[in-house]
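Asks: What follows is work.pdb, made up of PDB, C-alpha atoms:
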ATOM      1  CA  MET R   5      45.799  23.091  42.453  1.00  0.00           C
ATOM      2  CA  LEU R   6      43.438  26.097  42.637  1.00  0.00           C
ATOM      3  CA  ARG R   7      42.426  28.546  39.912  1.00  0.00           C
ATOM      4  CA  ILE R   8      39.944  31.382  40.318  1.00  0.00           C
ATOM      5  CA  GLU R   9      38.731  33.251  37.263  1.00  0.00           C
ATOM      6  CA  ASP R  10      36.953  36.642  37.271  1.00  0.00           C
ATOM      7  CA  LEU R  11      35.093  35.911  40.506  1.00  0.00           C
ATOM      8  CA  VAL R  12      32.228  38.239  41.426  1.00  0.00           C
ATOM      9  CA  VAL R  13      30.598  37.480  44.794  1.00  0.00           C
ATOM     10  CA  GLU R  14      27.646  38.963  46.667  1.00  0.00           C
ATOM     11  CA  VAL R  15      26.880  38.669  50.371  1.00  0.00           C
ATOM     12  CA  ALA R  16      23.397  39.678  51.573  1.00  0.00           C
ATOM     13  CA  GLY R  17      22.786  41.432  48.247  1.00  0.00           C
ATOM     14  CA  LYS R  18      26.002  43.479  48.372  1.00  0.00           C
ATOM     15  CA  GLU R  19      28.819  42.848  45.894  1.00  0.00           C
ATOM     16  CA  ILE R  20      32.054  42.221  47.832  1.00  0.00           C
ATOM     17  CA  LEU R  21      34.403  40.725  45.222  1.00  0.00           C
ATOM     18  CA  HIS R  22      34.619  42.469  41.851  1.00  0.00           C
ATOM     19  CA  GLY R  23      36.290  40.129  39.371  1.00  0.00           C
ATOM     20  CA  VAL R  24      39.028  38.407  41.394  1.00  0.00           C
ATOM     21  CA  SER R  25      41.458  36.098  39.577  1.00  0.00           C
ATOM     22  CA  LEU R  26      44.316  34.178  41.190  1.00  0.00           C
ATOM     23  CA  PHE R  27      45.926  30.732  41.263  1.00  0.00           C
ATOM     24  CA  VAL R  28      47.774  28.431  43.630  1.00  0.00           C
ATOM     25  CA  ARG R  29      50.116  25.871  42.089  1.00  0.00           C
ATOM     26  CA  GLU R  30      50.562  22.339  43.383  1.00  0.00           C
ATOM     27  CA  GLY R  31      53.005  22.421  46.311  1.00  0.00           C
ATOM     28  CA  GLU R  32      52.807  26.211  46.571  1.00  0.00           C
ATOM     29  CA  VAL R  33      51.975  28.423  49.560  1.00  0.00           C
ATOM     30  CA  VAL R  34      50.321  31.705  48.603  1.00  0.00           C
ATOM     31  CA  ALA R  35      49.777  34.614  51.004  1.00  0.00           C
ATOM     32  CA  LEU R  36      46.699  36.806  50.573  1.00  0.00           C
ATOM     33  CA  MET R  37      47.170  40.204  52.200  1.00  0.00           C
ATOM     34  CA  GLY R  38      45.052  43.319  52.501  1.00  0.00           C
ATOM     35  CA  PRO R  39      43.401  45.647  55.007  1.00  0.00           C
ATOM     36  CA  ASN R  40      40.368  44.670  57.069  1.00  0.00           C
ATOM     37  CA  GLY R  41      37.155  44.672  55.043  1.00  0.00           C
ATOM     38  CA  SER R  42      38.896  44.143  51.700  1.00  0.00           C
ATOM     39  CA  GLY R  43      37.141  40.819  50.983  1.00  0.00           C
ATOM     40  CA  LYS R  44      39.809  38.297  52.011  1.00  0.00           C
ATOM     41  CA  SER R  45      37.561  36.176  54.230  1.00  0.00           C
ATOM     42  CA  THR R  46      34.763  36.405  51.652  1.00  0.00           C
ATOM     43  CA  LEU R  47      37.108  34.879  49.078  1.00  0.00           C
ATOM     44  CA  ILE R  48      38.091  32.031  51.420  1.00  0.00           C
ATOM     45  CA  MET R  49      34.465  31.285  52.349  1.00  0.00           C
ATOM     46  CA  THR R  50      33.470  31.302  48.675  1.00  0.00           C
ATOM     47  CA  ILE R  51      36.240  28.844  47.804  1.00  0.00           C
ATOM     48  CA  MET R  52      34.938  26.601  50.611  1.00  0.00           C
ATOM     49  CA  GLY R  53      31.382  26.874  49.245  1.00  0.00           C
ATOM     50  CA  PHE R  54      29.332  28.462  52.034  1.00  0.00           C
ATOM     51  CA  SER R  55      25.863  29.152  50.686  1.00  0.00           C
ATOM     52  CA  GLU R  56      25.513  32.776  51.824  1.00  0.00           C
ATOM     53  CA  TYR R  57      28.385  33.730  49.507  1.00  0.00           C
ATOM     54  CA  LYS R  58      26.701  34.001  46.097  1.00  0.00           C
ATOM     55  CA  VAL R  59      28.863  33.632  42.993  1.00  0.00           C
ATOM     56  CA  LYS R  60      27.386  35.993  40.405  1.00  0.00           C
ATOM     57  CA  ARG R  61      30.138  35.516  37.819  1.00  0.00           C
ATOM     58  CA  GLY R  62      33.357  33.575  37.405  1.00  0.00           C
ATOM     59  CA  LYS R  63      34.652  30.083  38.116  1.00  0.00           C
ATOM     60  CA  ILE R  64      36.557  28.195  40.827  1.00  0.00           C
ATOM     61  CA  TRP R  65      38.673  25.249  39.669  1.00  0.00           C
ATOM     62  CA  PHE R  66      40.301  22.712  42.029  1.00  0.00           C
ATOM     63  CA  LYS R  67      42.628  20.032  40.633  1.00  0.00           C
ATOM     64  CA  GLY R  68      41.219  20.817  37.204  1.00  0.00           C
ATOM     65  CA  LYS R  69      37.584  20.309  38.304  1.00  0.00           C
ATOM     66  CA  ASP R  70      34.981  23.085  38.243  1.00  0.00           C
ATOM     67  CA  ILE R  71      33.778  23.276  41.874  1.00  0.00           C
ATOM     68  CA  THR R  72      31.935  26.600  41.602  1.00  0.00           C
ATOM     69  CA  ASN R  73      28.568  25.072  42.460  1.00  0.00           C
ATOM     70  CA  LEU R  74      29.605  22.088  44.571  1.00  0.00           C
ATOM     71  CA  PRO R  75      28.383  21.859  48.200  1.00  0.00           C
ATOM     72  CA  VAL R  76      30.879  22.208  51.063  1.00  0.00           C
ATOM     73  CA  TYR R  77      31.087  18.484  51.868  1.00  0.00           C
ATOM     74  CA  GLU R  78      32.004  17.618  48.265  1.00  0.00           C
ATOM     75  CA  ARG R  79      34.853  20.159  48.349  1.00  0.00           C
ATOM     76  CA  VAL R  80      36.086  18.622  51.602  1.00  0.00           C
ATOM     77  CA  LYS R  81      36.072  15.141  50.055  1.00  0.00           C
ATOM     78  CA  LEU R  82      38.105  16.478  47.127  1.00  0.00           C
ATOM     79  CA  GLY R  83      40.739  17.728  49.560  1.00  0.00           C
ATOM     80  CA  ILE R  84      40.041  21.322  50.677  1.00  0.00           C
ATOM     81  CA  GLY R  85      40.341  22.158  54.376  1.00  0.00           C
ATOM     82  CA  LEU R  86      39.573  25.431  56.169  1.00  0.00           C
ATOM     83  CA  ALA R  87      40.748  26.938  59.460  1.00  0.00           C
ATOM     84  CA  PHE R  88      38.399  29.764  60.465  1.00  0.00           C
ATOM     85  CA  GLN R  89      39.554  33.138  61.731  1.00  0.00           C
ATOM     86  CA  ARG R  90      36.738  33.044  64.312  1.00  0.00           C
ATOM     87  CA  PRO R  91      35.709  29.406  64.708  1.00  0.00           C
ATOM     88  CA  PRO R  92      32.290  28.656  66.216  1.00  0.00           C
ATOM     89  CA  VAL R  93      31.629  27.305  69.695  1.00  0.00           C
ATOM     90  CA  ILE R  94      29.816  23.942  69.512  1.00  0.00           C
ATOM     91  CA  LYS R  95      28.318  22.996  72.870  1.00  0.00           C
ATOM     92  CA  GLY R  96      27.571  19.316  73.375  1.00  0.00           C
ATOM     93  CA  VAL R  97      30.258  18.165  70.929  1.00  0.00           C
ATOM     94  CA  LYS R  98      33.658  17.248  72.346  1.00  0.00           C
ATOM     95  CA  THR R  99      36.887  18.298  70.652  1.00  0.00           C
ATOM     96  CA  ARG R 100      37.827  14.611  70.372  1.00  0.00           C
ATOM     97  CA  GLN R 101      34.618  13.986  68.408  1.00  0.00           C
ATOM     98  CA  ILE R 102      35.107  16.895  66.001  1.00  0.00           C
ATOM     99  CA  VAL R 103      38.650  15.715  65.239  1.00  0.00           C
ATOM    100  CA  GLU R 104      37.330  12.216  64.464  1.00  0.00           C
ATOM    101  CA  ILE R 105      34.607  13.747  62.269  1.00  0.00           C
ATOM    102  CA  ALA R 106      37.211  15.827  60.420  1.00  0.00           C
ATOM    103  CA  ALA R 107      39.268  12.709  59.714  1.00  0.00           C
ATOM    104  CA  SER R 108      36.251  10.639  58.606  1.00  0.00           C
ATOM    105  CA  ALA R 109      35.217  13.357  56.140  1.00  0.00           C
ATOM    106  CA  ARG R 110      38.339  12.372  54.200  1.00  0.00           C
ATOM    107  CA  GLY R 111      37.933   8.639  54.841  1.00  0.00           C
ATOM    108  CA  ARG R 112      40.718   8.538  57.458  1.00  0.00           C
ATOM    109  CA  LYS R 113      41.066   6.943  60.892  1.00  0.00           C
ATOM    110  CA  VAL R 114      43.471   8.682  63.252  1.00  0.00           C
ATOM    111  CA  ASP R 115      44.898   8.415  66.765  1.00  0.00           C
ATOM    112  CA  VAL R 116      43.398  11.605  68.178  1.00  0.00           C
ATOM    113  CA  VAL R 117      45.628  11.678  71.267  1.00  0.00           C
ATOM    114  CA  GLU R 118      48.816  11.317  69.235  1.00  0.00           C
ATOM    115  CA  LEU R 119      47.733  14.119  66.903  1.00  0.00           C
ATOM    116  CA  ALA R 120      46.830  16.329  69.871  1.00  0.00           C
ATOM    117  CA  LYS R 121      50.337  15.874  71.273  1.00  0.00           C
ATOM    118  CA  GLU R 122      51.679  17.691  68.205  1.00  0.00           C
ATOM    119  CA  LEU R 123      49.877  20.821  69.450  1.00  0.00           C
ATOM    120  CA  ASP R 124      50.159  20.181  73.210  1.00  0.00           C
ATOM    121  CA  PHE R 125      46.372  19.848  73.187  1.00  0.00           C
ATOM    122  CA  GLU R 126      45.596  16.551  74.917  1.00  0.00           C
ATOM    123  CA  ASP R 127      43.930  18.268  77.896  1.00  0.00           C
ATOM    124  CA  PHE R 128      41.309  19.864  75.636  1.00  0.00           C
ATOM    125  CA  LEU R 129      40.012  16.727  73.901  1.00  0.00           C
ATOM    126  CA  ASP R 130      37.142  16.131  76.323  1.00  0.00           C
ATOM    127  CA  ARG R 131      35.999  19.760  76.407  1.00  0.00           C
ATOM    128  CA  ASP R 132      33.197  21.130  74.217  1.00  0.00           C
ATOM    129  CA  VAL R 133      34.497  22.498  70.919  1.00  0.00           C
ATOM    130  CA  ASN R 134      35.976  25.974  71.514  1.00  0.00           C
ATOM    131  CA  TYR R 135      33.824  26.536  74.634  1.00  0.00           C
ATOM    132  CA  GLY R 136      35.816  28.779  76.974  1.00  0.00           C
ATOM    133  CA  PHE R 137      38.901  28.497  74.762  1.00  0.00           C
ATOM    134  CA  SER R 138      41.333  31.396  74.395  1.00  0.00           C
ATOM    135  CA  GLY R 139      42.153  32.724  70.925  1.00  0.00           C
ATOM    136  CA  GLY R 140      45.304  30.610  70.750  1.00  0.00           C
ATOM    137  CA  GLU R 141      43.486  27.489  71.953  1.00  0.00           C
ATOM    138  CA  MET R 142      40.825  27.948  69.270  1.00  0.00           C
ATOM    139  CA  LYS R 143      43.524  28.196  66.601  1.00  0.00           C
ATOM    140  CA  ARG R 144      45.211  25.033  67.874  1.00  0.00           C
ATOM    141  CA  SER R 145      41.835  23.258  67.747  1.00  0.00           C
ATOM    142  CA  GLU R 146      41.363  24.363  64.135  1.00  0.00           C
ATOM    143  CA  ILE R 147      44.833  23.204  63.074  1.00  0.00           C
ATOM    144  CA  LEU R 148      44.317  19.888  64.909  1.00  0.00           C
ATOM    145  CA  GLN R 149      41.204  19.281  62.795  1.00  0.00           C
ATOM    146  CA  LEU R 150      43.175  20.027  59.623  1.00  0.00           C
ATOM    147  CA  LEU R 151      45.936  17.688  60.788  1.00  0.00           C
ATOM    148  CA  ALA R 152      43.289  14.966  61.102  1.00  0.00           C
ATOM    149  CA  MET R 153      41.792  15.772  57.686  1.00  0.00           C
ATOM    150  CA  ASP R 154      45.142  15.928  55.853  1.00  0.00           C
ATOM    151  CA  PRO R 155      43.753  18.128  53.016  1.00  0.00           C
ATOM    152  CA  ASP R 156      45.569  18.812  49.750  1.00  0.00           C
ATOM    153  CA  LEU R 157      44.715  22.537  49.916  1.00  0.00           C
ATOM    154  CA  LEU R 158      44.732  24.423  53.213  1.00  0.00           C
ATOM    155  CA  LEU R 159      42.714  27.627  53.510  1.00  0.00           C
ATOM    156  CA  LEU R 160      43.975  29.504  56.581  1.00  0.00           C
ATOM    157  CA  ASP R 161      42.118  32.646  57.621  1.00  0.00           C
ATOM    158  CA  GLU R 162      44.524  34.772  59.725  1.00  0.00           C
ATOM    159  CA  PRO R 163      46.018  31.879  61.730  1.00  0.00           C
ATOM    160  CA  GLU R 164      48.120  34.321  63.792  1.00  0.00           C
ATOM    161  CA  SER R 165      45.150  36.499  64.855  1.00  0.00           C
ATOM    162  CA  GLY R 166      44.808  36.666  68.644  1.00  0.00           C
ATOM    163  CA  VAL R 167      47.735  34.266  69.159  1.00  0.00           C
ATOM    164  CA  ASP R 168      50.929  34.858  71.155  1.00  0.00           C
ATOM    165  CA  LEU R 169      54.338  34.431  69.502  1.00  0.00           C
ATOM    166  CA  GLU R 170      55.046  31.065  71.130  1.00  0.00           C
ATOM    167  CA  SER R 171      51.756  29.669  69.832  1.00  0.00           C
ATOM    168  CA  ILE R 172      52.421  31.068  66.337  1.00  0.00           C
ATOM    169  CA  SER R 173      55.689  29.127  66.308  1.00  0.00           C
ATOM    170  CA  LEU R 174      53.852  25.928  67.312  1.00  0.00           C
ATOM    171  CA  LEU R 175      51.096  26.474  64.730  1.00  0.00           C
ATOM    172  CA  GLY R 176      53.685  27.173  62.053  1.00  0.00           C
ATOM    173  CA  ARG R 177      55.496  23.912  62.750  1.00  0.00           C
ATOM    174  CA  VAL R 178      52.284  21.847  62.511  1.00  0.00           C
ATOM    175  CA  ILE R 179      51.078  23.698  59.380  1.00  0.00           C
ATOM    176  CA  ASN R 180      54.405  22.834  57.763  1.00  0.00           C
ATOM    177  CA  LYS R 181      53.900  19.208  58.773  1.00  0.00           C
ATOM    178  CA  ILE R 182      50.457  19.143  57.114  1.00  0.00           C
ATOM    179  CA  LEU R 183      51.991  20.710  54.013  1.00  0.00           C
ATOM    180  CA  MET R 184      54.732  18.054  54.131  1.00  0.00           C
ATOM    181  CA  ARG R 185      57.373  20.770  54.169  1.00  0.00           C
ATOM    182  CA  ASP R 186      60.673  20.134  55.910  1.00  0.00           C
ATOM    183  CA  ILE R 187      61.859  23.055  58.030  1.00  0.00           C
ATOM    184  CA  GLU R 188      64.919  24.008  60.055  1.00  0.00           C
ATOM    185  CA  PRO R 189      65.027  26.407  63.022  1.00  0.00           C
ATOM    186  CA  LEU R 190      66.611  29.841  62.718  1.00  0.00           C
ATOM    187  CA  PRO R 191      68.354  31.802  65.524  1.00  0.00           C
ATOM    188  CA  ASP R 192      65.274  34.023  66.040  1.00  0.00           C
ATOM    189  CA  LYS R 193      63.170  30.882  66.724  1.00  0.00           C
ATOM    190  CA  SER R 194      61.348  31.168  63.394  1.00  0.00           C
ATOM    191  CA  PHE R 195      61.753  28.522  60.692  1.00  0.00           C
ATOM    192  CA  LYS R 196      63.193  28.210  57.211  1.00  0.00           C
ATOM    193  CA  GLU R 197      61.740  25.801  54.682  1.00  0.00           C
ATOM    194  CA  VAL R 198      64.332  23.471  53.192  1.00  0.00           C
ATOM    195  CA  LYS R 199      62.124  21.200  51.094  1.00  0.00           C
ATOM    196  CA  SER R 200      58.580  21.307  49.739  1.00  0.00           C
ATOM    197  CA  HIS R 201      56.084  18.654  48.677  1.00  0.00           C
ATOM    198  CA  ARG R 202      52.801  18.537  46.778  1.00  0.00           C
ATOM    199  CA  LYS R 203      50.306  20.068  49.198  1.00  0.00           C
ATOM    200  CA  SER R 204      49.262  23.714  48.851  1.00  0.00           C
ATOM    201  CA  ALA R 205      47.952  26.549  50.996  1.00  0.00           C
ATOM    202  CA  LEU R 206      46.246  29.914  50.663  1.00  0.00           C
ATOM    203  CA  ILE R 207      46.945  31.916  53.808  1.00  0.00           C
ATOM    204  CA  ILE R 208      45.165  35.143  54.703  1.00  0.00           C
ATOM    205  CA  THR R 209      47.408  37.370  56.781  1.00  0.00           C
ATOM    206  CA  HIS R 210      46.934  40.966  57.865  1.00  0.00           C
ATOM    207  CA  THR R 211      50.189  41.347  59.808  1.00  0.00           C
ATOM    208  CA  GLY R 212      52.412  38.845  57.986  1.00  0.00           C
ATOM    209  CA  HIS R 213      53.622  37.281  61.276  1.00  0.00           C
ATOM    210  CA  ILE R 214      52.729  33.746  60.208  1.00  0.00           C
ATOM    211  CA  LEU R 215      55.063  34.083  57.197  1.00  0.00           C
ATOM    212  CA  LYS R 216      58.054  33.955  59.560  1.00  0.00           C
ATOM    213  CA  TYR R 217      57.118  30.338  60.252  1.00  0.00           C
ATOM    214  CA  VAL R 218      55.405  29.198  57.034  1.00  0.00           C
ATOM    215  CA  GLU R 219      57.384  30.174  53.947  1.00  0.00           C
ATOM    216  CA  ALA R 220      55.163  31.698  51.243  1.00  0.00           C
ATOM    217  CA  ASP R 221      56.120  31.335  47.585  1.00  0.00           C
ATOM    218  CA  ARG R 222      53.956  34.153  46.248  1.00  0.00           C
ATOM    219  CA  GLY R 223      51.692  36.891  47.549  1.00  0.00           C
ATOM    220  CA  TYR R 224      48.577  38.794  46.463  1.00  0.00           C
ATOM    221  CA  VAL R 225      47.164  42.031  47.828  1.00  0.00           C
ATOM    222  CA  LEU R 226      43.370  42.383  47.844  1.00  0.00           C
ATOM    223  CA  ILE R 227      42.004  45.927  48.112  1.00  0.00           C
ATOM    224  CA  ASN R 228      38.286  46.792  48.021  1.00  0.00           C
ATOM    225  CA  GLY R 229      37.409  43.428  46.489  1.00  0.00           C
ATOM    226  CA  ARG R 230      40.022  43.622  43.708  1.00  0.00           C
ATOM    227  CA  ILE R 231      43.520  42.199  43.315  1.00  0.00           C
ATOM    228  CA  ALA R 232      45.940  45.134  43.459  1.00  0.00           C
ATOM    229  CA  CYS R 233      49.160  43.219  42.805  1.00  0.00           C
ATOM    230  CA  SER R 234      51.012  39.932  43.141  1.00  0.00           C
ATOM    231  CA  GLY R 235      54.649  39.081  43.650  1.00  0.00           C
ATOM    232  CA  ASN R 236      57.260  38.250  46.261  1.00  0.00           C
ATOM    233  CA  PRO R 237      55.408  38.248  49.614  1.00  0.00           C
ATOM    234  CA  ARG R 238      58.441  39.514  51.536  1.00  0.00           C
ATOM    235  CA  GLU R 239      58.796  42.521  49.226  1.00  0.00           C
ATOM    236  CA  ILE R 240      55.062  43.211  49.447  1.00  0.00           C
ATOM    237  CA  LEU R 241      55.230  43.144  53.245  1.00  0.00           C
ATOM    238  CA  LYS R 242      58.187  45.544  53.256  1.00  0.00           C
ATOM    239  CA  THR R 243      56.198  47.997  51.142  1.00  0.00           C
ATOM    240  CA  VAL R 244      53.109  47.667  53.341  1.00  0.00           C
ATOM    241  CA  GLU R 245      55.142  48.111  56.541  1.00  0.00           C
ATOM    242  CA  LYS R 246      56.760  51.239  55.127  1.00  0.00           C
ATOM    243  CA  TYR R 247      53.821  52.899  53.363  1.00  0.00           C
ATOM    244  CA  GLY R 248      50.680  51.059  54.532  1.00  0.00           C
ATOM    245  CA  TYR R 249      48.019  49.472  52.334  1.00  0.00           C
ATOM    246  CA  GLY R 250      47.145  52.951  51.076  1.00  0.00           C
ATOM    247  CA  GLU R 251      50.074  52.619  48.681  1.00  0.00           C
ATOM    248  CA  CYS R 252      48.371  49.578  47.136  1.00  0.00           C
ATOM    249  CA  LEU R 253      45.298  51.646  46.275  1.00  0.00           C
ATOM    250  CA  LYS R 254      47.355  53.334  43.563  1.00  0.00           C
ATOM    251  CA  CYS R 255      47.680  49.970  41.794  1.00  0.00           C
ATOM    252  CA  VAL R 256      43.919  49.367  41.923  1.00  0.00           C
TER     253      VAL R 256
END
Take the structure in this file and express it as structure tokens.

Replies:
Amino acid sequence: MLRIEDLVVEVAGKEILHGVSLFVREGEVVALMGPNGSGKSTLIMTIMGFSEYKVKRGKIWFKGKDITNLPVYERVKLGIGLAFQRPPVIKGVKTRQIVEIAASARGRKVDVVELAKELDFEDFLDRDVNYGFSGGEMKRSEILQLLAMDPDLLLLDEPESGVDLESISLLGRVINKILMRDIEPLPDKSFKEVKSHRKSALIITHTGHILKYVEADRGYVLINGRIACSGNPREILKTVEKYGYGECLKCV
């Protein structure tokens, strides 16, 4: 679904990513972990194609197509969707309108109210996008837009950041629905995946909380703009919880 080869990226003249390579298979959820300032959001924004993130070397492939130099809207049409860590406030544009725009970008027509019910978000549809929203409300707005888009690859930048546990559970359920993954509840109110489909996700997580609700198949650790390791995300998290990300520096 996604393949990144030897990616070197500059932002405002400063090199942030130093030869990053990774892949996400069709139907796979991959967790990208690492300390703050390691380049995780830079990688996500580069995959999405934002112009201030300059690719100096390397390639980005999506569904076998080289998208390294494609504009953002072309990547959206191909099936990539992004939920920001800190989404912008857009005064004068209603949440209902942005959801309709998100759907139309993929050639879809949706029942906005019915989609909003999935996230208990009907009361926010006629408010300006993210204006006066709490952190959890912003995240629900972002996931609602992705639900409307129905992308093939979800890029999720710290979906649990600034969100209470109840909201993380709700977001996790809807993310699994977008991914077309069947889930069953566990006694601790988290979820276990019981079946997967063809959609994929790359999820940035600093704490790992979201992985209690969205099952990750594989994990990477990004340290100082380089991939330190990859493997079982649960084992990686155990190591990080015990020793901190400083232990990962040894692998770099």

Asks: For R:Lys44, work out the shell of residues within 12 Å, counting all atoms listed in the file and skipping chain neighbours fewer than 4 positions away, then give it as a PyMOL selection string.

Replies: chain R and resi 13+20-21+24+35-40+48-51+89+159-162+206-210+224-231

Asks: Just want the 8 Å neighbourhood of R:Asn236, counted on only C-alpha atoms, with same-chain residues fewer than 4 positions away dropped. Output as a list in words.

Replies: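 Residues near the query, excluding close chain neighbours: Asp221, Arg222, Gly223 and Ile240 of chain R.
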
Asks: Please determine, counting all atoms listed in the file, which residue among R:Arg29, R:Lys63, R:Lys242, R:Arg177 has the shortest atom-to-atom distance to R:Arg202.

Replies: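 Counting all atoms listed in the file, the residue closest to R:Arg202 is R:Arg29.
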
Asks: Expressed in Å to a single decimal, how great is the separation between atom CA of R:Leu158 and atom CA of R:Gly111?

Replies: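 Between atom CA of R:Leu158 and atom CA of R:Gly111 the gap is 17.3 Å.
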
Asks: I'd like the neighbourhood of R:Ala109 as a ChimeraX atom specification, where a residue qualifies if any of its atoms comes within 9 Å (using all atoms listed in the file), though same-chain residues fewer than 5 positions away should be ignored.

Replies: /R:77,80-81,104,153

Asks: Could those selected residues go to a file with C-alpha atoms, as a CSV table (one decimal), in the frame of the given file?

Replies:
chain,number,residue,atom,x,y,z
R,77,TYR,CA,31.1,18.5,51.9
R,80,VAL,CA,36.1,18.6,51.6
R,81,LYS,CA,36.1,15.1,50.1
R,104,GLU,CA,37.3,12.2,64.5
R,153,MET,CA,41.8,15.8,57.7

Asks: Quick one: distance from atom CA of R:Val34 to atom CA of R:Lys18 in Å, one decimal?

Replies: 27.0 Å

Asks: Looking at R:Glu9, R:Asp70, R:Glu141, R:Glu219, which one is nearest to R:Gly23, with distances taken over only C-alpha atoms?

Replies: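 Ranked by minimum distance to R:Gly23, first place goes to R:Glu9.
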
Asks: Mind giving me the straight-line distance from atom CA of R:Val244 to atom CA of R:Ile214 in Å, one decimal?

Replies: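 Between these atoms lies a distance of 15.5 Å.
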
Asks: Taking all atoms listed in the file into account, which of R:Ser204, R:Thr243, R:Ser145, R:Asn134 comes nearest R:Ala87?

Replies: R:Ser145

Asks: For R:Asp124, which of R:Ile94, R:Gly136, R:Val178, R:Gly85 is the closest residue, counting only C-alpha atoms?

Replies: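 Between R:Ile94, R:Gly136, R:Val178, R:Gly85, the residue approaching R:Asp124 most closely is R:Val178.
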
Asks: Please enumerate the residues selected by the PyMOL selection byres ((chain R and resi 213) around 12) when evaluated against the supplied file, formatted as a PyMOL selection string.

Replies: chain R and resi 35+37+162-173+175-176+194-195+207-212+214-220+237-238+241+245

Asks: Quick check on the file I pasted: which residues fall under the PyMOL selection byres ((chain R and resi 154) around 9)? Write them as a list in words.

Replies: Gly83, Gly85, Ala107, Arg110, Arg112, Gln149, Leu150, Leu151, Ala152, Met153, Pro155, Asp156, Leu157, Leu158, Ile182 and Leu183 of chain R
